[in-house]
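Raw input38.tsv, TSV, C-alpha atoms and all ligand atoms:
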chain	number	residue	atom	x	y	z
A	1	MET	CA	-17.78	6.86	4.57
A	2	LYS	CA	-18.93	3.70	6.33
A	3	GLN	CA	-18.11	0.39	4.64
A	4	GLN	CA	-21.82	-0.46	4.15
A	5	GLU	CA	-22.41	2.84	2.32
A	6	LYS	CA	-19.71	2.17	-0.27
A	7	GLU	CA	-20.72	0.51	-3.50
A	8	ILE	CA	-19.31	-2.96	-3.89
A	9	LEU	CA	-17.96	-3.53	-7.40
A	10	PHE	CA	-16.44	-6.98	-7.02
A	11	GLN	CA	-17.42	-9.72	-4.60
A	12	ILE	CA	-14.77	-12.40	-4.66
A	13	ARG	CA	-15.81	-15.54	-2.86
A	14	ASP	CA	-13.57	-18.53	-2.11
A	15	LEU	CA	-11.66	-17.99	-5.36
A	16	ARG	CA	-9.21	-20.77	-6.16
A	17	THR	CA	-6.71	-21.00	-9.00
A	18	TRP	CA	-4.79	-24.24	-8.94
A	19	PHE	CA	-2.37	-25.38	-11.61
A	20	PRO	CA	-2.16	-29.13	-12.22
A	21	ILE	CA	1.21	-30.92	-12.04
A	22	THR	CA	1.29	-33.72	-14.58
A	23	LYS	CA	3.58	-36.71	-14.96
A	24	GLY	CA	4.32	-39.23	-17.72
A	25	SER	CA	3.19	-39.47	-21.31
A	26	PHE	CA	-0.46	-39.71	-20.28
A	27	LYS	CA	-0.12	-36.47	-18.32
A	28	LYS	CA	-1.51	-37.98	-15.14
A	29	VAL	CA	-2.29	-35.25	-12.63
A	30	VAL	CA	-0.15	-35.93	-9.56
A	31	GLY	CA	-0.74	-32.72	-7.63
A	32	HIS	CA	-1.58	-29.03	-7.83
A	33	VAL	CA	0.19	-25.73	-7.31
A	34	LYS	CA	-2.35	-23.87	-5.21
A	35	ALA	CA	-1.46	-20.33	-6.32
A	36	VAL	CA	-4.75	-18.81	-5.13
A	37	ASP	CA	-6.44	-20.93	-2.52
A	38	GLY	CA	-9.76	-19.64	-1.22
A	39	VAL	CA	-9.59	-15.85	-1.43
A	40	SER	CA	-12.71	-13.92	-0.36
A	41	LEU	CA	-12.87	-10.14	-0.41
A	42	ASP	CA	-14.92	-7.18	-1.65
A	43	VAL	CA	-13.62	-4.39	-3.84
A	44	TYR	CA	-15.39	-1.01	-3.54
A	45	ARG	CA	-15.97	1.47	-6.34
A	46	GLY	CA	-13.39	4.24	-6.45
A	47	GLU	CA	-10.97	2.70	-3.96
A	48	THR	CA	-7.46	1.37	-4.35
A	49	LEU	CA	-7.15	-2.10	-2.91
A	50	GLY	CA	-3.47	-2.92	-2.41
A	51	VAL	CA	-2.38	-6.57	-2.50
A	52	VAL	CA	0.99	-7.37	-0.91
A	53	GLY	CA	3.04	-10.40	-0.05
A	54	GLU	CA	6.37	-11.97	-0.90
A	55	SER	CA	7.16	-13.50	-4.30
A	56	GLY	CA	5.13	-16.63	-4.94
A	57	CYS	CA	2.31	-15.74	-2.51
A	58	GLY	CA	-0.20	-15.69	-5.39
A	59	LYS	CA	-0.87	-11.97	-5.69
A	60	SER	CA	-0.23	-11.78	-9.46
A	61	THR	CA	-2.27	-14.94	-10.05
A	62	LEU	CA	-5.09	-13.36	-8.04
A	63	GLY	CA	-4.95	-10.29	-10.33
A	64	LYS	CA	-4.98	-12.47	-13.44
A	65	SER	CA	-7.84	-14.58	-12.02
A	66	ILE	CA	-9.90	-11.43	-11.38
A	67	MET	CA	-9.21	-10.41	-15.00
A	68	MET	CA	-9.96	-13.99	-16.08
A	69	LEU	CA	-6.58	-14.22	-17.80
A	70	GLU	CA	-6.19	-17.33	-15.62
A	71	LYS	CA	-9.39	-19.33	-15.36
A	72	PRO	CA	-10.13	-19.98	-11.67
A	73	THR	CA	-10.50	-23.59	-10.60
A	74	GLY	CA	-13.32	-22.77	-8.19
A	75	GLY	CA	-15.17	-20.06	-6.31
A	76	GLN	CA	-16.92	-16.97	-7.59
A	77	SER	CA	-15.92	-13.55	-8.84
A	78	LEU	CA	-19.09	-11.46	-8.87
A	79	PHE	CA	-18.98	-8.16	-10.77
A	80	ARG	CA	-21.60	-5.43	-10.46
A	81	TYR	CA	-23.89	-4.73	-13.43
A	82	GLY	CA	-26.34	-2.05	-12.27
A	83	ASN	CA	-28.09	-3.43	-9.17
A	84	ASP	CA	-27.11	-7.03	-9.91
A	85	PHE	CA	-23.96	-9.07	-9.71
A	86	LYS	CA	-22.88	-11.57	-12.35
A	87	ASP	CA	-20.39	-14.37	-11.82
A	88	VAL	CA	-17.52	-13.63	-14.18
A	89	THR	CA	-16.19	-17.21	-13.91
A	90	LYS	CA	-19.31	-18.40	-15.76
A	91	PHE	CA	-19.26	-15.82	-18.54
A	92	SER	CA	-19.74	-16.77	-22.18
A	93	ARG	CA	-17.23	-15.56	-24.78
A	94	GLU	CA	-19.44	-12.57	-25.62
A	95	GLU	CA	-19.97	-11.60	-21.98
A	96	MET	CA	-16.23	-11.90	-21.34
A	97	PHE	CA	-15.62	-9.56	-24.24
A	98	GLN	CA	-17.85	-6.90	-22.65
A	99	PHE	CA	-16.29	-7.53	-19.22
A	100	ARG	CA	-12.78	-6.88	-20.59
A	101	CYS	CA	-13.91	-3.37	-21.56
A	102	LYS	CA	-14.80	-2.70	-17.94
A	103	VAL	CA	-11.72	-4.27	-16.35
A	104	GLN	CA	-8.28	-3.67	-17.82
A	105	MET	CA	-4.80	-4.65	-16.71
A	106	VAL	CA	-1.50	-2.78	-16.51
A	107	PHE	CA	1.46	-5.15	-16.52
A	108	GLN	CA	4.78	-4.95	-14.73
A	109	ASP	CA	7.13	-4.72	-17.67
A	110	PRO	CA	6.45	-1.77	-19.99
A	111	TYR	CA	9.28	-2.97	-22.26
A	112	SER	CA	7.53	-6.20	-23.26
A	113	ALA	CA	3.96	-4.87	-23.05
A	114	LEU	CA	4.34	-2.88	-26.27
A	115	ASN	CA	5.23	-4.59	-29.55
A	116	PRO	CA	8.64	-3.15	-30.57
A	117	GLN	CA	7.87	-3.71	-34.28
A	118	LYS	CA	4.65	-1.71	-34.27
A	119	LYS	CA	4.06	1.99	-33.99
A	120	ILE	CA	2.21	3.14	-30.87
A	121	TYR	CA	-0.71	4.03	-33.18
A	122	THR	CA	-1.13	0.37	-34.20
A	123	SER	CA	-0.78	-0.95	-30.64
A	124	PHE	CA	-3.39	1.54	-29.48
A	125	GLU	CA	-5.78	1.08	-32.37
A	126	GLU	CA	-5.98	-2.73	-32.17
A	127	PRO	CA	-7.90	-2.96	-28.86
A	128	LEU	CA	-10.42	-0.37	-30.10
A	129	ILE	CA	-11.01	-2.31	-33.33
A	130	VAL	CA	-11.39	-5.52	-31.32
A	131	HIS	CA	-13.92	-3.80	-29.06
A	132	GLY	CA	-15.98	-2.73	-32.06
A	133	ILE	CA	-15.16	0.99	-32.50
A	134	LYS	CA	-15.70	1.13	-36.24
A	135	SER	CA	-15.10	4.78	-37.02
A	136	GLN	CA	-11.46	5.73	-37.42
A	137	GLN	CA	-12.20	9.27	-36.27
A	138	GLU	CA	-13.74	7.97	-33.05
A	139	ARG	CA	-10.76	5.66	-32.50
A	140	GLU	CA	-8.34	8.53	-32.97
A	141	GLU	CA	-10.29	10.70	-30.54
A	142	LEU	CA	-10.21	7.96	-27.90
A	143	MET	CA	-6.48	7.38	-28.45
A	144	SER	CA	-5.68	11.10	-28.21
A	145	ARG	CA	-7.83	11.48	-25.09
A	146	ALA	CA	-6.07	8.56	-23.39
A	147	LEU	CA	-2.63	9.93	-24.30
A	148	ARG	CA	-3.45	13.40	-23.02
A	149	MET	CA	-4.51	11.83	-19.73
A	150	VAL	CA	-1.00	10.46	-19.21
A	151	ASN	CA	0.60	13.72	-20.37
A	152	ILE	CA	1.89	12.41	-23.71
A	153	GLN	CA	1.26	14.37	-26.88
A	154	PRO	CA	-1.10	12.64	-29.34
A	155	ASP	CA	1.37	13.13	-32.24
A	156	TYR	CA	3.74	10.68	-30.48
A	157	LEU	CA	1.37	7.95	-31.73
A	158	MET	CA	3.49	7.68	-34.87
A	159	ARG	CA	6.60	6.72	-32.90
A	160	TYR	CA	7.97	3.28	-32.02
A	161	PRO	CA	8.27	2.04	-28.39
A	162	HIS	CA	12.10	2.27	-28.42
A	163	GLU	CA	11.81	6.06	-28.80
A	164	PHE	CA	10.34	6.33	-25.28
A	165	SER	CA	11.89	6.06	-21.82
A	166	GLY	CA	10.75	3.41	-19.30
A	167	GLY	CA	8.46	5.87	-17.49
A	168	GLN	CA	6.93	7.06	-20.77
A	169	ARG	CA	6.34	3.46	-21.86
A	170	GLN	CA	4.53	2.67	-18.63
A	171	ARG	CA	2.42	5.81	-19.11
A	172	LEU	CA	1.66	4.55	-22.63
A	173	CYS	CA	0.58	1.18	-21.19
A	174	ILE	CA	-1.72	2.98	-18.73
A	175	ALA	CA	-3.14	5.05	-21.62
A	176	ARG	CA	-3.77	1.92	-23.68
A	177	ALA	CA	-5.67	0.40	-20.76
A	178	LEU	CA	-7.69	3.62	-20.36
A	179	GLU	CA	-8.73	4.07	-23.98
A	180	VAL	CA	-11.62	1.57	-23.70
A	181	MET	CA	-12.87	3.55	-20.67
A	182	PRO	CA	-12.70	0.81	-18.01
A	183	GLU	CA	-14.12	0.96	-14.48
A	184	VAL	CA	-11.33	-1.07	-12.91
A	185	LEU	CA	-7.58	-1.23	-13.50
A	186	VAL	CA	-5.74	-4.28	-12.19
A	187	CYS	CA	-2.17	-3.02	-11.84
A	188	ASP	CA	0.41	-5.79	-11.44
A	189	GLU	CA	3.61	-4.25	-10.05
A	190	PRO	CA	3.14	-1.23	-12.34
A	191	VAL	CA	6.21	0.69	-11.14
A	192	SER	CA	8.65	-1.97	-9.98
A	193	ALA	CA	10.54	-1.98	-13.31
A	194	LEU	CA	11.08	1.80	-13.14
A	195	ASP	CA	13.72	4.02	-11.52
A	196	VAL	CA	12.70	5.32	-8.10
A	197	SER	CA	12.51	8.95	-9.35
A	198	ILE	CA	10.16	7.91	-12.16
A	199	GLN	CA	8.06	5.70	-9.85
A	200	ALA	CA	6.77	8.73	-7.92
A	201	GLN	CA	5.84	10.47	-11.18
A	202	VAL	CA	3.82	7.48	-12.43
A	203	LEU	CA	2.15	6.88	-9.04
A	204	ASN	CA	1.05	10.51	-8.76
A	205	LEU	CA	-0.27	10.41	-12.30
A	206	MET	CA	-2.25	7.25	-11.49
A	207	LYS	CA	-3.75	8.96	-8.43
A	208	ASP	CA	-4.79	11.99	-10.52
A	209	ILE	CA	-6.37	9.79	-13.20
A	210	GLN	CA	-8.22	7.79	-10.55
A	211	LYS	CA	-9.70	10.95	-9.06
A	212	GLU	CA	-10.71	12.31	-12.46
A	213	LEU	CA	-12.33	9.11	-13.75
A	214	ARG	CA	-13.45	7.61	-10.41
A	215	LEU	CA	-11.54	4.48	-11.30
A	216	THR	CA	-11.07	1.51	-9.02
A	217	TYR	CA	-7.56	0.10	-8.71
A	218	ILE	CA	-6.46	-3.33	-7.61
A	219	PHE	CA	-2.83	-2.51	-6.97
A	220	ILE	CA	-0.50	-5.48	-6.67
A	221	ALA	CA	3.04	-4.80	-5.44
A	222	HIS	CA	5.75	-6.15	-3.19
A	223	ASP	CA	7.07	-2.70	-2.22
A	224	LEU	CA	5.27	-1.91	1.03
A	225	SER	CA	5.96	1.83	0.90
A	226	VAL	CA	4.48	2.07	-2.61
A	227	VAL	CA	1.42	0.10	-1.53
A	228	GLN	CA	0.94	2.28	1.55
A	229	TYR	CA	1.16	5.43	-0.60
A	230	MET	CA	-1.39	4.20	-3.13
A	231	SER	CA	-3.91	2.13	-1.18
A	232	ASP	CA	-7.08	2.82	0.77
A	233	ARG	CA	-7.22	-0.78	1.95
A	234	ILE	CA	-4.60	-3.51	1.86
A	235	ALA	CA	-4.85	-7.30	1.63
A	236	VAL	CA	-1.80	-9.22	2.82
A	237	MET	CA	-1.37	-12.58	1.10
A	238	TYR	CA	0.57	-15.62	2.24
A	239	LEU	CA	0.68	-18.89	0.27
A	240	GLY	CA	-2.42	-18.20	-1.79
A	241	LYS	CA	-4.61	-16.86	1.05
A	242	VAL	CA	-5.44	-13.45	2.44
A	243	VAL	CA	-4.17	-13.42	6.04
A	244	GLU	CA	-5.04	-9.82	6.88
A	245	LEU	CA	-7.24	-7.17	5.27
A	246	ALA	CA	-7.62	-3.67	6.66
A	247	ASP	CA	-7.65	0.04	5.95
A	248	SER	CA	-4.18	1.15	4.97
A	249	ARG	CA	-3.65	3.28	8.08
A	250	ALA	CA	-4.93	0.60	10.49
A	251	LEU	CA	-2.72	-2.02	8.88
A	252	TYR	CA	0.44	0.05	9.15
A	253	ASP	CA	-0.33	1.45	12.64
A	254	ASP	CA	-1.68	-1.72	14.20
A	255	PRO	CA	-0.79	-4.86	12.20
A	256	MET	CA	-2.33	-7.97	13.78
A	257	HIS	CA	-1.08	-11.03	11.88
A	258	PRO	CA	2.47	-12.13	12.81
A	259	TYR	CA	3.35	-12.29	9.08
A	260	THR	CA	2.14	-8.70	8.49
A	261	ARG	CA	4.16	-7.53	11.49
A	262	ALA	CA	7.30	-9.20	10.13
A	263	LEU	CA	6.70	-7.72	6.66
A	264	LEU	CA	6.22	-4.20	8.00
A	265	SER	CA	9.27	-4.45	10.24
A	266	ALA	CA	11.34	-4.85	7.06
A	267	ILE	CA	10.47	-1.32	5.82
A	268	PRO	CA	13.62	0.80	6.29
A	269	VAL	CA	13.19	3.87	8.51
A	270	PRO	CA	15.56	6.81	7.83
A	271	ASP	CA	16.18	7.58	11.52
A	272	ILE	CA	19.52	6.55	13.02
A	273	HIS	CA	18.46	7.61	16.55
A	274	ASN	CA	15.39	5.43	16.55
A	275	PRO	CA	16.22	2.33	14.52
A	276	LYS	CA	13.33	-0.08	14.02
A	277	LYS	CA	13.76	-3.60	15.36
A	278	ARG	CA	13.54	-5.94	12.40
A	279	GLN	CA	11.65	-9.17	12.91
A	280	VAL	CA	13.46	-11.85	10.95
A	281	LEU	CA	11.32	-14.84	10.09
A	282	GLU	CA	12.92	-18.24	10.58
A	283	GLY	CA	12.30	-21.22	8.31
A	284	GLU	CA	11.58	-21.60	4.63
A	285	VAL	CA	8.48	-20.50	2.74
A	286	PRO	CA	6.60	-23.80	2.25
A	287	SER	CA	5.90	-25.03	-1.27
A	288	PRO	CA	2.43	-24.19	-2.63
A	289	ILE	CA	2.39	-27.81	-3.88
A	290	ARG	CA	2.65	-29.26	-0.37
A	291	LYS	CA	1.11	-26.68	1.89
A	292	PRO	CA	1.43	-27.31	5.62
A	293	THR	CA	-1.64	-28.48	7.53
A	294	GLY	CA	-3.39	-25.99	9.77
A	295	CYS	CA	-2.15	-22.41	9.48
A	296	ALA	CA	0.16	-22.25	6.43
A	297	PHE	CA	2.43	-19.85	8.35
A	298	HIS	CA	2.93	-22.11	11.38
A	299	ASN	CA	6.46	-23.29	10.51
A	300	ARG	CA	7.72	-19.67	10.55
A	301	CYS	CA	5.51	-18.15	13.21
A	302	PRO	CA	7.06	-17.23	16.57
A	303	HIS	CA	3.64	-17.67	18.26
A	304	CYS	CA	2.78	-21.09	16.84
A	305	THR	CA	0.79	-23.45	19.12
A	306	GLU	CA	-0.26	-27.09	18.68
A	307	ARG	CA	-3.67	-25.91	17.46
A	308	CYS	CA	-2.05	-23.83	14.70
A	309	LYS	CA	-0.51	-27.02	13.26
A	310	THR	CA	-3.86	-28.67	12.68
A	311	GLU	CA	-6.54	-25.97	12.40
A	312	ASP	CA	-6.55	-23.41	9.57
A	313	PRO	CA	-7.73	-20.07	11.01
A	314	PRO	CA	-10.51	-18.39	8.98
A	315	LEU	CA	-10.35	-14.71	8.00
A	316	ARG	CA	-12.54	-12.94	10.56
A	317	ALA	CA	-13.28	-9.35	11.56
A	318	LYS	CA	-11.72	-7.88	14.68
A	319	ALA	CA	-14.33	-7.33	17.40
A	320	GLY	CA	-15.63	-3.76	17.17
A	321	ASP	CA	-13.96	-3.13	13.80
A	322	GLU	CA	-15.60	-4.91	10.89
A	323	THR	CA	-13.09	-3.35	8.47
A	324	HIS	CA	-10.08	-5.11	9.99
A	325	LEU	CA	-9.96	-8.83	9.20
A	326	VAL	CA	-7.30	-11.29	10.30
A	327	ALA	CA	-6.73	-15.03	9.98
A	328	CYS	CA	-4.91	-16.04	13.15
A	329	HIS	CA	-5.77	-18.09	16.25
A	330	LEU	CA	-4.02	-15.50	18.44
A	331	TYR	CA	-7.10	-13.29	18.10
A	332	ASP	CA	-9.82	-15.87	18.65
A	333	ALA	CA	-11.02	-13.96	21.69
A	334	ALA	CA	-10.85	-10.62	19.87
A	335	VAL	CA	-12.67	-11.44	16.63
A	336	SER	CA	-16.38	-11.40	15.84
A	337	SER	CA	-17.78	-14.89	15.51
B	1	LIG	FE1	0.97	-17.94	14.04
B	1	LIG	FE2	-0.89	-19.62	14.84
B	1	LIG	FE3	-1.54	-17.17	14.09
B	1	LIG	FE4	-0.76	-18.96	12.29
B	1	LIG	S1	-2.59	-19.05	13.55
B	1	LIG	S2	-0.12	-16.87	12.43
B	1	LIG	S3	0.79	-20.06	13.45
B	1	LIG	S4	-0.29	-17.74	15.84

Give the structure from the file, written as structure tokens.
Ligand code: SF4
Amino acid sequence: MKQQEKEILFQIRDLRTWFPITKGSFKKVVGHVKAVDGVSLDVYRGETLGVVGESGCGKSTLGKSIMMLEKPTGGQSLFRYGNDFKDVTKFSREEMFQFRCKVQMVFQDPYSALNPQKKIYTSFEEPLIVHGIKSQQEREELMSRALRMVNIQPDYLMRYPHEFSGGQRQRLCIARALEVMPEVLVCDEPVSALDVSIQAQVLNLMKDIQKELRLTYIFIAHDLSVVQYMSDRIAVMYLGKVVELADSRALYDDPMHPYTRALLSAIPVPDIHNPKKRQVLEGEVPSPIRKPTGCAFHNRCPHCTERCKTEDPPLRAKAGDETHLVACHLYDAAVSS
């Protein structure tokens, strides 16, 4: 399917989430941590958009900003309602309430996501009560349906979280997100706290559920193999910005940005006869409080030029391939203007 034919669900435009740094008893703002700093991308219905990058690149904050768990400092996050788009950053309390039914989040740690003092029944029932499902019978039907989707028997509702394994708990968290019948799941490192053998189980289950419900996933992870397995498209983030965005296959076969190339070279290949040459990046990751001028990657980039130190490259499409976007001066001749 061509990109224009797909239905855009989210249009994120120049989204910024900065956290103020305060000093003294009057809490004078002396700077900002620019966790998300001008992210623009579209999310299509039914796809999995992977978001990767090293720790501190802003991928989790981006997920929380899309969910409005962190209020963005600027920019727009436009969500589709029928043929129109509404800016979620300007939503009233009531509108936000409705929006949270459509977009749910699955968190990294299934151990802290469920209240250990409450039975699963209570943890599952609360969101339905909050979202106005008044009839207990209807609530129980929705809870049972969600549990069956993640292959857990509905009578386990009367158990406590400690009676489940890590994989089962994460499946419970997915079920709790599904019970309000959302359109989008923002998954923040959903399998990184699990054993490798269990990870595959949960990922396959998520794929099956996506196909059945035509869900859209925003899948945030640092494990590049997991992201490749799950994603249709991938956004690579560095210091709060998207530096490359492409179809999963194109990104892994033909990475353009020097940072993406270095990241991908770190994936271990189980072939002793054809070992992959690892590209080790020199220099420190700059602080998001004092970001370098020009391209934020310039102090670690092996191709850095004088221009890179002063001019921030915009994210632009590769010439002849509007689906592959890159932010790097190396490709100035090869990108659409
Ligand atoms: Fe490297 Fe310059 Fe490209 Fe930045 S813009 S990634 S410093 S070549």

Worksheet item: Mind pulling up the distance from CA of Phe19 (chain A) to CA of Leu224 (chain A)?
Response: 27.7 Å

Discussion item. When you count only C-alpha atoms and all ligand atoms, which of these residues is closest to ligand LIG 1 (chain B): A:Val326, A:Ala317, A:Cys301, A:Met237?
Written reply: A:Cys301

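With CA of Ala246 (chain A) on one side and CA of His303 (chain A) on the other, the separation reads 21.4 Å.
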
Practice prompt. Write out as a VMD selection string which residues come within 7 Å of Met158 (chain A) when counting all atoms listed in the file, dropping same-chain ones fewer than 3 positions away.
Written response: chain A and resid 119 to 121 155

Practice prompt. Fewer than 4 positions away in the same chain doesn't count, so skip those; otherwise give me all residues within 9 Å of region 20-24 of chain A, counting all atoms listed in the file, as a PyMOL selection string.
Written response: chain A and resi 28-34+289

Item to complete: Would you list the residues that come within 10 Å of ligand LIG 1 (chain B)? Count all atoms listed in the file and give the answer as JSON, numbers by chain.
Response: {"A": [243, 256, 257, 258, 259, 260, 294, 295, 296, 297, 298, 299, 300, 301, 302, 303, 304, 305, 306, 307, 308, 309, 310, 311, 312, 313, 314, 326, 327, 328, 329, 330, 331, 332]}

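Of the residues listed (A:Leu128, A:Ile209, A:Gln168, A:Phe79), A:Phe79 shows the shortest atom-to-atom separation from Glu95 (chain A); distances use all atoms listed in the file.
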
Can you sort out region 108-117 of chain A so it carries all heavy atoms, written as a compact mmCIF listing (two decimals), keeping the file's coordinate frame?
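Dumped to rebuild.txt:
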# COMPACT_ATOMS: atom_id res chain seq x y z
N GLN A 108 3.55 -5.40 -15.39
CA GLN A 108 4.78 -4.95 -14.73
C GLN A 108 5.81 -4.37 -15.69
O GLN A 108 6.41 -3.35 -15.43
CB GLN A 108 5.38 -6.15 -13.98
CG GLN A 108 6.70 -5.85 -13.33
CD GLN A 108 7.21 -7.03 -12.52
OE1 GLN A 108 6.59 -8.08 -12.49
NE2 GLN A 108 8.32 -6.87 -11.86
N ASP A 109 5.99 -5.06 -16.82
CA ASP A 109 7.13 -4.72 -17.67
C ASP A 109 6.69 -3.91 -18.90
O ASP A 109 6.19 -4.47 -19.87
CB ASP A 109 7.82 -6.03 -18.12
CG ASP A 109 9.07 -5.75 -18.92
OD1 ASP A 109 9.44 -4.56 -19.04
OD2 ASP A 109 9.67 -6.69 -19.42
N PRO A 110 6.90 -2.59 -18.86
CA PRO A 110 6.45 -1.77 -19.99
C PRO A 110 7.27 -2.03 -21.26
O PRO A 110 6.87 -1.64 -22.35
CB PRO A 110 6.64 -0.34 -19.50
CG PRO A 110 7.68 -0.41 -18.45
CD PRO A 110 7.57 -1.77 -17.84
N TYR A 111 8.43 -2.71 -21.10
CA TYR A 111 9.28 -2.97 -22.26
C TYR A 111 8.71 -4.11 -23.12
O TYR A 111 8.82 -4.10 -24.32
CB TYR A 111 10.71 -3.30 -21.81
CG TYR A 111 11.36 -2.10 -21.18
CD1 TYR A 111 11.24 -1.87 -19.82
CD2 TYR A 111 12.05 -1.17 -21.95
CE1 TYR A 111 11.80 -0.75 -19.23
CE2 TYR A 111 12.61 -0.04 -21.37
CZ TYR A 111 12.48 0.16 -20.01
OH TYR A 111 13.02 1.28 -19.45
N SER A 112 8.08 -5.10 -22.47
CA SER A 112 7.53 -6.20 -23.26
C SER A 112 6.04 -6.03 -23.52
O SER A 112 5.45 -6.77 -24.31
CB SER A 112 7.80 -7.55 -22.58
OG SER A 112 7.32 -7.51 -21.27
N ALA A 113 5.41 -5.04 -22.86
CA ALA A 113 3.96 -4.87 -23.05
C ALA A 113 3.61 -4.19 -24.37
O ALA A 113 2.47 -4.25 -24.81
CB ALA A 113 3.38 -4.08 -21.88
N LEU A 114 4.60 -3.53 -24.98
CA LEU A 114 4.34 -2.88 -26.27
C LEU A 114 5.16 -3.59 -27.35
O LEU A 114 6.36 -3.84 -27.15
CB LEU A 114 4.75 -1.40 -26.21
CG LEU A 114 3.93 -0.52 -25.26
CD1 LEU A 114 4.63 0.81 -25.01
CD2 LEU A 114 2.53 -0.29 -25.81
N ASN A 115 4.53 -3.89 -28.47
CA ASN A 115 5.23 -4.59 -29.55
C ASN A 115 6.29 -3.67 -30.17
O ASN A 115 5.95 -2.60 -30.71
CB ASN A 115 4.19 -5.00 -30.61
CG ASN A 115 4.80 -5.91 -31.67
OD1 ASN A 115 6.00 -5.86 -31.93
ND2 ASN A 115 3.96 -6.74 -32.27
N PRO A 116 7.58 -4.06 -30.08
CA PRO A 116 8.64 -3.15 -30.57
C PRO A 116 8.60 -2.93 -32.08
O PRO A 116 9.17 -1.97 -32.59
CB PRO A 116 9.94 -3.87 -30.16
CG PRO A 116 9.55 -5.29 -29.96
CD PRO A 116 8.11 -5.31 -29.57
N GLN A 117 7.90 -3.84 -32.81
CA GLN A 117 7.87 -3.71 -34.28
C GLN A 117 6.70 -2.84 -34.77
O GLN A 117 6.59 -2.57 -35.96
CB GLN A 117 7.77 -5.09 -34.91
CG GLN A 117 9.02 -5.90 -34.66
CD GLN A 117 8.92 -7.28 -35.23
OE1 GLN A 117 7.83 -7.86 -35.25
NE2 GLN A 117 10.02 -7.81 -35.69
